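S.K.: I am sharing my_file06.tsv, which consists of TSV, C-alpha atoms:
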```tsv
chain	number	residue	atom	x	y	z
A	1	MET	CA	176.13	-136.53	225.92
A	2	PRO	CA	175.22	-138.34	229.17
A	3	ARG	CA	171.56	-138.44	230.13
A	4	LEU	CA	170.52	-136.76	233.34
A	5	PRO	CA	168.65	-138.78	235.94
A	6	ILE	CA	164.87	-138.64	235.56
A	7	ALA	CA	164.52	-136.53	238.70
A	8	VAL	CA	167.18	-134.02	237.67
A	9	SER	CA	165.98	-133.55	234.09
A	10	VAL	CA	162.41	-132.93	235.09
A	11	LEU	CA	163.36	-130.87	238.13
A	12	LEU	CA	165.11	-128.46	235.80
A	13	ALA	CA	161.88	-128.13	233.86
A	14	ALA	CA	159.99	-127.53	237.11
A	15	VAL	CA	161.38	-124.00	237.25
A	16	LEU	CA	158.87	-123.17	234.52
A	17	GLY	CA	156.02	-125.02	236.20
A	18	LEU	CA	155.26	-128.61	236.98
A	19	GLY	CA	158.18	-130.81	235.99
A	20	ARG	CA	158.07	-132.33	232.54
A	21	THR	CA	160.64	-134.51	230.89
A	22	ALA	CA	162.46	-133.02	227.93
A	23	ALA	CA	162.06	-134.83	224.62
A	24	HIS	CA	165.63	-136.18	224.66
A	25	ASP	CA	165.23	-137.42	228.23
A	26	VAL	CA	162.03	-139.41	227.70
A	27	GLU	CA	162.34	-142.70	229.50
A	28	SER	CA	160.13	-145.66	230.01
A	29	ALA	CA	159.10	-146.10	233.61
A	30	PRO	CA	161.39	-148.56	235.39
A	31	GLU	CA	159.53	-151.84	235.87
A	32	PHE	CA	158.48	-152.83	239.36
A	33	PRO	CA	160.62	-155.74	240.60
A	34	LYS	CA	159.30	-159.27	240.47
A	35	GLY	CA	158.88	-160.83	243.87
A	36	ALA	CA	158.30	-157.51	245.64
A	37	THR	CA	155.89	-157.33	248.56
A	38	TRP	CA	152.62	-155.58	247.69
A	39	LEU	CA	149.88	-154.39	250.03
A	40	GLN	CA	146.27	-153.86	248.95
A	41	SER	CA	146.77	-155.52	245.55
A	42	GLY	CA	148.57	-158.27	243.78
A	43	PRO	CA	151.86	-157.48	242.05
A	44	LEU	CA	151.64	-154.79	239.38
A	45	ARG	CA	153.81	-154.50	236.27
A	46	PHE	CA	153.97	-151.62	233.82
A	47	SER	CA	153.71	-154.13	231.02
A	48	ASP	CA	150.22	-154.94	232.39
A	49	LEU	CA	149.30	-151.27	232.91
A	50	LYS	CA	149.69	-150.21	229.26
A	51	GLY	CA	146.70	-148.09	228.30
A	52	ARG	CA	146.43	-146.66	231.83
A	53	VAL	CA	147.83	-143.45	233.23
A	54	VAL	CA	149.82	-144.22	236.38
A	55	VAL	CA	150.69	-141.99	239.32
A	56	VAL	CA	153.69	-143.41	241.16
A	57	HIS	CA	154.39	-141.68	244.44
A	58	PHE	CA	157.30	-142.40	246.73
A	59	TRP	CA	156.51	-141.92	250.39
A	60	THR	CA	157.12	-143.12	253.90
A	61	PHE	CA	154.58	-143.00	256.70
A	62	GLY	CA	156.83	-141.02	259.04
A	63	CYS	CA	157.23	-138.12	256.60
A	64	VAL	CA	155.00	-135.14	257.39
A	65	ASN	CA	155.30	-133.84	253.81
A	66	CYS	CA	154.12	-137.23	252.54
A	67	ARG	CA	151.12	-137.17	254.88
A	68	ARG	CA	150.14	-133.73	253.60
A	69	ASN	CA	149.69	-135.25	250.12
A	70	TYR	CA	147.33	-138.05	251.22
A	71	HIS	CA	144.20	-135.96	250.62
A	72	VAL	CA	145.33	-135.27	247.04
A	73	TYR	CA	145.77	-138.97	246.22
A	74	LYS	CA	142.39	-139.76	247.76
A	75	GLU	CA	140.80	-136.98	245.71
A	76	TRP	CA	142.36	-138.33	242.51
A	77	LEU	CA	141.07	-141.81	243.28
A	78	ARG	CA	137.59	-140.34	243.75
A	79	LYS	CA	137.74	-138.01	240.73
A	80	TYR	CA	139.10	-140.66	238.35
A	81	ALA	CA	137.23	-143.67	239.76
A	82	ASP	CA	135.65	-144.40	236.37
A	83	GLY	CA	138.75	-143.58	234.32
A	84	LYS	CA	141.92	-145.36	233.47
A	85	LEU	CA	144.08	-144.01	236.30
A	86	THR	CA	146.12	-146.19	238.64
A	87	VAL	CA	147.73	-144.75	241.76
A	88	VAL	CA	150.67	-146.73	243.14
A	89	GLY	CA	152.41	-145.88	246.39
A	90	VAL	CA	156.01	-146.98	246.73
A	91	HIS	CA	156.79	-147.06	250.45
A	92	SER	CA	160.52	-146.41	250.75
A	93	PRO	CA	161.42	-146.12	254.44
A	94	GLU	CA	163.72	-143.49	255.85
A	95	THR	CA	164.14	-145.22	259.22
A	96	ARG	CA	164.31	-148.82	260.45
A	97	GLU	CA	160.90	-148.41	262.16
A	98	GLU	CA	159.32	-147.42	258.85
A	99	ALA	CA	160.50	-150.71	257.29
A	100	ASP	CA	158.00	-152.71	259.36
A	101	VAL	CA	155.48	-153.99	256.79
A	102	GLU	CA	152.72	-154.41	259.37
A	103	ARG	CA	153.18	-150.80	260.47
A	104	VAL	CA	152.93	-149.68	256.84
A	105	ARG	CA	149.72	-151.71	256.49
A	106	ALA	CA	148.31	-150.20	259.70
A	107	LYS	CA	149.26	-146.63	258.72
A	108	ALA	CA	147.67	-147.07	255.28
A	109	LYS	CA	144.44	-148.26	256.90
A	110	GLU	CA	144.54	-145.55	259.58
A	111	ASN	CA	144.91	-142.86	256.89
A	112	GLY	CA	142.36	-144.29	254.45
A	113	LEU	CA	144.93	-145.07	251.74
A	114	SER	CA	143.35	-147.66	249.45
A	115	PHE	CA	145.76	-147.70	246.52
A	116	PRO	CA	148.30	-150.50	245.86
A	117	ILE	CA	151.48	-150.12	247.90
A	118	LEU	CA	154.82	-151.62	246.91
A	119	ILE	CA	157.16	-152.19	249.86
A	120	ASP	CA	160.62	-150.91	248.93
A	121	ASN	CA	162.60	-151.66	252.11
A	122	ASP	CA	165.90	-152.10	250.26
A	123	LEU	CA	165.32	-148.86	248.25
A	124	ALA	CA	165.80	-150.76	244.99
A	125	VAL	CA	162.77	-149.08	243.39
A	126	TRP	CA	163.80	-145.70	244.84
A	127	ASN	CA	167.23	-146.11	243.22
A	128	ALA	CA	165.85	-147.39	239.90
A	129	TRP	CA	163.68	-144.26	239.64
A	130	ARG	CA	166.56	-142.06	240.91
A	131	VAL	CA	164.42	-140.50	243.61
A	132	ARG	CA	165.99	-137.95	245.95
A	133	TYR	CA	163.23	-136.77	248.29
A	134	TRP	CA	160.06	-137.83	250.07
A	135	PRO	CA	157.51	-137.38	248.65
A	136	SER	CA	158.22	-137.62	244.94
A	137	ILE	CA	155.45	-138.11	242.41
A	138	PHE	CA	155.81	-139.38	238.84
A	139	LEU	CA	153.12	-139.36	236.17
A	140	VAL	CA	153.44	-142.12	233.58
A	141	ASP	CA	151.50	-142.04	230.31
A	142	LYS	CA	149.51	-144.86	228.69
A	143	LYS	CA	152.61	-146.08	226.86
A	144	GLY	CA	154.63	-146.40	230.06
A	145	VAL	CA	156.71	-143.24	229.56
A	146	VAL	CA	157.49	-140.94	232.49
A	147	ARG	CA	156.05	-137.58	231.48
A	148	TYR	CA	155.78	-135.44	234.63
A	149	TYR	CA	157.44	-135.31	238.01
A	150	TRP	CA	157.07	-133.42	241.26
A	151	GLU	CA	159.17	-133.38	244.43
A	152	GLY	CA	157.51	-132.45	247.68
A	153	GLU	CA	154.05	-131.48	248.75
A	154	LEU	CA	151.37	-130.81	246.16
A	155	HIS	CA	150.56	-127.46	247.75
A	156	PRO	CA	146.89	-126.64	247.11
A	157	GLU	CA	147.56	-122.97	247.88
A	158	LYS	CA	150.05	-122.93	244.98
A	159	GLN	CA	147.67	-125.05	242.86
A	160	ALA	CA	150.32	-127.72	242.28
A	161	ASP	CA	147.66	-130.39	242.93
A	162	LYS	CA	145.42	-128.82	240.26
A	163	ARG	CA	148.28	-128.54	237.75
A	164	PHE	CA	149.14	-132.19	238.31
A	165	ALA	CA	145.45	-133.13	237.89
A	166	ASP	CA	145.44	-131.14	234.63
A	167	HIS	CA	148.37	-133.28	233.45
A	168	ILE	CA	146.45	-136.41	234.43
A	169	ASP	CA	143.52	-135.17	232.32
A	170	GLU	CA	145.90	-134.43	229.44
A	171	LEU	CA	147.39	-137.93	229.51
A	172	LEU	CA	143.99	-139.59	229.91
A	173	SER	CA	142.78	-137.80	226.77
A	174	GLU	CA	145.71	-139.03	224.66
A	175	ALA	CA	145.38	-142.09	222.48
A	176	GLY	CA	146.95	-145.02	224.19
```
Now, as a test, write the supplied structure out as structure tokens.

M.R.:
Amino acid sequence: MPRLPIAVSVLLAAVLGLGRTAAHDVESAPEFPKGATWLQSGPLRFSDLKGRVVVVHFWTFGCVNCRRNYHVYKEWLRKYADGKLTVVGVHSPETREEADVERVRAKAKENGLSFPILIDNDLAVWNAWRVRYWPSIFLVDKKGVVRYYWEGELHPEKQADKRFADHIDELLSEAG
């Protein structure tokens, strides 16, 4: 039986709540490419992040839905400052203007985004993770396995941000 893309398998589970991968669809997080351009950090690799819970969010600075999630990422960085959480932004542009690395750097600074940002101008990371929409957020456990997924805004009024934070807490409490 063919495996569904990460996004599709967990999106199906999202009908019951926050997306979760099914046991038969568990996949290791695709590794970040060597030689990629990184802002606000040196290159990161999942092989070096073992033992940490990782939030990987795909965004582009021109996307209003992406901007509406910024406060959530900043809150997680504050809440988990002493924990073993890493937030990684993968900037995958939708337009040619959004591919300007200096504009990405300026927009990150302007919006107070302090997490590492991988520049994905050729959408190679986007394709490796089988992303379909901006924003998309993946939660990777301490062993490097994609466990949860969300497409779109983390609507506080629907408590999606809280449910995702609960999943972060769950993964942080697991042995790694």

S.K.: Can you measure atom CA of A:Ala81 to atom CA of A:Ala160 for me? One decimal in Å is fine.

M.R.: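 Going from atom CA of A:Ala81 over to atom CA of A:Ala160 covers 20.8 Å.
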
S.K.: Between A:Lys107, A:Lys158, A:Lys79, A:His167, which has the minimum distance to A:Cys63 (counting only C-alpha atoms)?

M.R.: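 Of A:Lys107, A:Lys158, A:Lys79, A:His167, the one nearest A:Cys63 is A:Lys107, counting only C-alpha atoms.
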
S.K.: Counting only C-alpha atoms, which residue out of A:Leu118, A:Ile168, A:Ala108, A:Val146 sits closest to A:Pro43?

M.R.: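 With only C-alpha atoms as the atom set, the closest residue is A:Leu118.
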
S.K.: Give me the residues within 6 Å of A:Asp120 as a ChimeraX atom specification, counting only C-alpha atoms and dropping any in the same chain fewer than 2 places off.

M.R.: /A:91-92,122-123

S.K.: With distances taken over only C-alpha atoms, which of A:Lys143, A:His71, A:Arg132, A:Arg163 is nearest to A:Gly51?

M.R.: A:Lys143

S.K.: Just how far from atom CA of A:Ser173 is atom CA of A:Asp48, in Å to one decimal?

M.R.: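 Calculated distance between atom CA of A:Asp48 and atom CA of A:Ser173 is 19.5 Å.
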
S.K.: Using only C-alpha atoms, can you tell me which of A:Arg67, A:His155, A:Lys50, A:Lys34 comes closest to A:Thr86?

M.R.: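 Comparing A:Arg67, A:His155, A:Lys50, A:Lys34 against A:Thr86, the winner is A:Lys50.
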
S.K.: I need the residue nearest A:Glu170 from this list: A:Pro135, A:Lys74, A:Val53, A:Arg96. Use all atoms listed in the file for the distance.

M.R.: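 Of A:Pro135, A:Lys74, A:Val53, A:Arg96, the one nearest A:Glu170, counting all atoms listed in the file, is A:Val53.
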
S.K.: From the options A:Val125, A:Ala106, A:Leu171, A:Leu77, which residue's atoms come nearest to A:Leu39, counting all atoms listed in the file?

M.R.: A:Ala106

S.K.: Take the point (160.1, -148.3, 233.3) as written in the file and pick out every residue within 12 Å of it, counting only C-alpha atoms; give the list as a PyMOL selection string.

M.R.: chain A and resi 6+26-33+45-50+54+56+125+128-130+138-141+143-147

S.K.: Return the padded bounding box of stretch 68-77 of chain A as lines of an AutoDock Vina configuration file: axis-aligned, built from all atoms listed in the file, 8 Å added on each side, with centre and edge lengths in Å to one decimal.

M.R.:
```
center_x = 145.5
center_y = -137.8
center_z = 248.1
size_x = 25.3
size_y = 24.1
size_z = 27.1
```

S.K.: Enter the distance from atom CA of A:Arg68 to atom CA of A:Leu85, in Å, rounded to one decimal.

M.R.: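 So the answer is 21.0 Å.
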